[in-house]
Amino acid sequence: MLAAADQQIQIKLKTSEENHAIDQNVFSVSSSTSQCELQQLLKNLLNISESDTEFSFRVGNDFLQHTLRKYCESSNFSGEAVLEIEYQEKRKAPEDSVVVALDDWLGGVAAFNSSCFAGLYNGQIAVIGLMGVIKLLKCMKNQLKVLHLSNGMRRIT
């Protein structure tokens, strides 16, 4: 475990992303280093100016949320070995392109070409395209059991 005073920790930064790879050098950083300082170090090493590029850092199986000191204390890391930190570019969350409000719970979903078929518990099938709901089809109870979409649409009874 680390002593109470601020210590230097040797770290090795690595990634599987070729466009953000750096030489496998070992760096000595303060145990009080947080994700923000690692961001700055990495951006300087990669010659990235202040931009929207952000990185996440993983040590072992955990994403770094606090300082290196807190990680070392919680994982009983002595500080004598080199701490391997894997980094990757943060991906932006996907944005909704189409939001569809349906009348009932979904019972199943299937996709075919650029359409999506949603089977509802009230017996309807919603045909959804890239622009939203195209058509709501009403099925008689137990009339349509399975909709198979592998080689086109066909009814299986």
# chains A, B, ... in the order shown; residues from 1 in each chain; ligands from 1

$ select_by_dssp --residues "chain A" --states "strand (DSSP E)" --output "PDB file with C-alpha atoms, in the first residue's frame"
ATOM      1  CA  GLN A   8       5.393   8.909  -7.302  1.00  0.00           C
ATOM      2  CA  ILE A   9       3.879   5.942  -9.146  1.00  0.00           C
ATOM      3  CA  GLN A  10       5.269   4.445 -12.302  1.00  0.00           C
ATOM      4  CA  ILE A  11       2.597   3.971 -14.958  1.00  0.00           C
ATOM      5  CA  LYS A  12       2.553   2.494 -18.427  1.00  0.00           C
ATOM      6  CA  LEU A  13      -0.082   3.840 -20.821  1.00  0.00           C
ATOM      7  CA  LYS A  14      -1.342   1.477 -23.508  1.00  0.00           C
ATOM      8  CA  VAL A  26       7.010   4.213 -18.420  1.00  0.00           C
ATOM      9  CA  PHE A  27       6.063   7.506 -16.775  1.00  0.00           C
ATOM     10  CA  SER A  28       6.420   8.617 -13.188  1.00  0.00           C
ATOM     11  CA  VAL A  29       3.367  10.526 -11.914  1.00  0.00           C
ATOM     12  CA  SER A  30       2.080  11.657  -8.562  1.00  0.00           C
ATOM     13  CA  PHE A  55     -10.260   9.497 -23.106  1.00  0.00           C
ATOM     14  CA  SER A  56     -11.343   6.999 -20.495  1.00  0.00           C
ATOM     15  CA  PHE A  57      -8.780   5.104 -18.438  1.00  0.00           C
ATOM     16  CA  ARG A  58      -9.036   1.549 -17.179  1.00  0.00           C
ATOM     17  CA  VAL A  59      -6.782  -0.005 -14.573  1.00  0.00           C
ATOM     18  CA  ASP A  62     -12.001  -0.899 -13.257  1.00  0.00           C
ATOM     19  CA  PHE A  63     -12.439   2.457 -14.941  1.00  0.00           C
ATOM     20  CA  LEU A  83       0.795   0.250 -12.985  1.00  0.00           C
ATOM     21  CA  GLU A  84      -0.606  -0.524 -16.450  1.00  0.00           C
ATOM     22  CA  ILE A  85      -3.338   1.873 -17.516  1.00  0.00           C
ATOM     23  CA  GLU A  86      -5.306   1.207 -20.673  1.00  0.00           C
ATOM     24  CA  TYR A  87      -6.903   4.179 -22.374  1.00  0.00           C
ATOM     25  CA  GLN A  88      -9.431   4.557 -25.154  1.00  0.00           C
ATOM     26  CA  GLU A  89     -11.236   7.424 -26.781  1.00  0.00           C
ATOM     27  CA  LEU A 106     -43.716  -4.777 -27.265  1.00  0.00           C
ATOM     28  CA  GLY A 107     -43.986  -8.521 -27.691  1.00  0.00           C
ATOM     29  CA  GLY A 108     -41.222  -8.855 -30.281  1.00  0.00           C
ATOM     30  CA  VAL A 109     -39.073  -6.933 -32.719  1.00  0.00           C
ATOM     31  CA  ALA A 110     -37.617  -7.935 -36.097  1.00  0.00           C
ATOM     32  CA  ALA A 111     -35.744  -5.977 -38.767  1.00  0.00           C
ATOM     33  CA  PHE A 112     -35.789  -6.368 -42.524  1.00  0.00           C
ATOM     34  CA  SER A 115     -37.795  -1.398 -41.802  1.00  0.00           C
ATOM     35  CA  CYS A 116     -38.440  -2.619 -38.306  1.00  0.00           C
ATOM     36  CA  PHE A 117     -41.466  -4.677 -37.319  1.00  0.00           C
ATOM     37  CA  ALA A 118     -42.727  -4.467 -33.764  1.00  0.00           C
ATOM     38  CA  GLY A 119     -45.321  -6.917 -32.529  1.00  0.00           C
ATOM     39  CA  LEU A 120     -47.500  -5.451 -29.800  1.00  0.00           C
ATOM     40  CA  GLN A 124     -51.018  -4.891 -33.758  1.00  0.00           C
ATOM     41  CA  ILE A 125     -47.847  -4.951 -35.813  1.00  0.00           C
ATOM     42  CA  ALA A 126     -46.105  -1.606 -36.211  1.00  0.00           C
ATOM     43  CA  VAL A 127     -44.088  -1.196 -39.398  1.00  0.00           C
ATOM     44  CA  ILE A 128     -41.424   1.378 -38.605  1.00  0.00           C
ATOM     45  CA  GLY A 129     -39.166   3.028 -41.173  1.00  0.00           C
ATOM     46  CA  GLY A 132     -41.145   6.803 -37.934  1.00  0.00           C
ATOM     47  CA  VAL A 133     -44.240   4.609 -37.926  1.00  0.00           C
ATOM     48  CA  ILE A 134     -45.320   3.817 -41.468  1.00  0.00           C
ATOM     49  CA  LYS A 135     -48.298   1.623 -40.736  1.00  0.00           C
ATOM     50  CA  LEU A 136     -50.089  -0.131 -37.887  1.00  0.00           C
ATOM     51  CA  LEU A 137     -51.488  -3.507 -38.900  1.00  0.00           C
ATOM     52  CA  LYS A 138     -54.249  -5.165 -36.887  1.00  0.00           C
ATOM     53  CA  VAL A 146     -44.503 -16.238 -36.456  1.00  0.00           C
ATOM     54  CA  LEU A 147     -43.124 -13.659 -38.835  1.00  0.00           C
ATOM     55  CA  HIS A 148     -40.001 -15.033 -40.509  1.00  0.00           C
ATOM     56  CA  ARG A 154     -43.742 -15.100 -45.225  1.00  0.00           C
ATOM     57  CA  ARG A 155     -46.454 -16.291 -42.892  1.00  0.00           C
ATOM     58  CA  ILE A 156     -45.826 -19.481 -40.948  1.00  0.00           C
TER      59      ILE A 156
END

$ residues_around --residues "Ser31 of chain A" --least-positions-apart "4" --cutoff "7 Å" --atoms "only C-alpha atoms" --output "list in words"
Asp6, Gln7, Gln8, Ile9, Thr67, Leu68 and Arg69 of chain A

$ write_last_selection --atoms "N, CA, C and O atoms" --output "JSON list (two decimals), in the first residue's frame"
[["chain", "number", "residue", "atom", "x", "y", "z"],
["A", 6, "ASP", "N", 2.23, 12.12, -0.42],
["A", 6, "ASP", "CA", 2.12, 12.02, -1.88],
["A", 6, "ASP", "C", 3.35, 11.31, -2.43],
["A", 6, "ASP", "O", 4.48, 11.68, -2.14],
["A", 7, "GLN", "N", 3.15, 10.25, -3.21],
["A", 7, "GLN", "CA", 4.23, 9.45, -3.75],
["A", 7, "GLN", "C", 4.22, 9.49, -5.27],
["A", 7, "GLN", "O", 3.21, 9.84, -5.87],
["A", 8, "GLN", "N", 5.31, 9.07, -5.85],
["A", 8, "GLN", "CA", 5.39, 8.91, -7.30],
["A", 8, "GLN", "C", 5.06, 7.46, -7.63],
["A", 8, "GLN", "O", 5.48, 6.54, -6.93],
["A", 9, "ILE", "N", 4.26, 7.28, -8.69],
["A", 9, "ILE", "CA", 3.88, 5.94, -9.15],
["A", 9, "ILE", "C", 4.35, 5.83, -10.59],
["A", 9, "ILE", "O", 4.20, 6.76, -11.37],
["A", 67, "THR", "N", -8.51, 9.40, -7.94],
["A", 67, "THR", "CA", -7.07, 9.52, -8.10],
["A", 67, "THR", "C", -6.42, 8.14, -8.13],
["A", 67, "THR", "O", -7.03, 7.14, -7.75],
["A", 68, "LEU", "N", -5.18, 8.12, -8.60],
["A", 68, "LEU", "CA", -4.42, 6.86, -8.60],
["A", 68, "LEU", "C", -4.23, 6.35, -7.17],
["A", 68, "LEU", "O", -4.23, 5.16, -6.92],
["A", 69, "ARG", "N", -4.08, 7.27, -6.23],
["A", 69, "ARG", "CA", -3.92, 6.89, -4.82],
["A", 69, "ARG", "C", -5.13, 6.08, -4.35],
["A", 69, "ARG", "O", -4.98, 5.02, -3.74]]

$ select_by_dssp --residues "chain A" --states "alpha helix (DSSP H)" --output "MDAnalysis selection string"
chainID A and resid 35:45 68:74

$ closest_residue --among "A:Leu130, A:Ala101, A:Gly60, A:Leu46" --to "Asn113 of chain A" --atoms "only C-alpha atoms"
A:Leu130

$ decode --residues "segment 59-79 of chain A" --atoms "N, CA and C atoms" --output "compact mmCIF listing (two decimals), in the first residue's frame"
# COMPACT_ATOMS: atom_id res chain seq x y z
N VAL A 59 -7.87 0.65 -15.28
CA VAL A 59 -6.78 -0.01 -14.57
C VAL A 59 -7.31 -1.36 -14.14
N GLY A 60 -6.74 -2.43 -14.68
CA GLY A 60 -7.29 -3.76 -14.41
C GLY A 60 -8.67 -3.85 -15.03
N ASN A 61 -9.65 -4.19 -14.22
CA ASN A 61 -11.03 -4.29 -14.71
C ASN A 61 -11.87 -3.07 -14.36
N ASP A 62 -11.25 -2.06 -13.75
CA ASP A 62 -12.00 -0.90 -13.26
C ASP A 62 -11.66 0.35 -14.05
N PHE A 63 -12.68 1.15 -14.35
CA PHE A 63 -12.44 2.46 -14.94
C PHE A 63 -11.99 3.39 -13.83
N LEU A 64 -11.00 4.20 -14.13
CA LEU A 64 -10.45 5.13 -13.14
C LEU A 64 -11.46 6.25 -12.91
N GLN A 65 -11.96 6.35 -11.70
CA GLN A 65 -12.95 7.36 -11.36
C GLN A 65 -12.38 8.43 -10.44
N HIS A 66 -11.34 8.07 -9.67
CA HIS A 66 -10.76 8.98 -8.68
C HIS A 66 -9.27 9.12 -8.96
N THR A 67 -8.51 9.40 -7.94
CA THR A 67 -7.07 9.52 -8.10
C THR A 67 -6.42 8.14 -8.13
N LEU A 68 -5.18 8.12 -8.60
CA LEU A 68 -4.42 6.86 -8.60
C LEU A 68 -4.23 6.35 -7.17
N ARG A 69 -4.08 7.27 -6.23
CA ARG A 69 -3.92 6.89 -4.82
C ARG A 69 -5.13 6.08 -4.35
N LYS A 70 -6.34 6.56 -4.64
CA LYS A 70 -7.54 5.84 -4.20
C LYS A 70 -7.62 4.47 -4.85
N TYR A 71 -7.25 4.39 -6.13
CA TYR A 71 -7.25 3.09 -6.78
C TYR A 71 -6.26 2.15 -6.11
N CYS A 72 -5.04 2.65 -5.87
CA CYS A 72 -4.00 1.82 -5.26
C CYS A 72 -4.40 1.34 -3.87
N GLU A 73 -5.04 2.21 -3.10
CA GLU A 73 -5.48 1.82 -1.75
C GLU A 73 -6.59 0.77 -1.81
N SER A 74 -7.52 0.93 -2.73
CA SER A 74 -8.65 -0.01 -2.80
C SER A 74 -8.25 -1.36 -3.38
N SER A 75 -7.18 -1.39 -4.18
CA SER A 75 -6.77 -2.65 -4.80
C SER A 75 -5.50 -3.23 -4.19
N ASN A 76 -5.03 -2.63 -3.07
CA ASN A 76 -3.82 -3.08 -2.39
C ASN A 76 -2.59 -3.10 -3.30
N PHE A 77 -2.49 -2.11 -4.17
CA PHE A 77 -1.32 -1.97 -5.05
C PHE A 77 -0.21 -1.33 -4.24
N SER A 78 0.97 -1.93 -4.25
CA SER A 78 2.06 -1.47 -3.38
C SER A 78 2.75 -0.21 -3.89
N GLY A 79 2.71 0.06 -5.17
CA GLY A 79 3.41 1.21 -5.72
C GLY A 79 4.81 0.87 -6.17
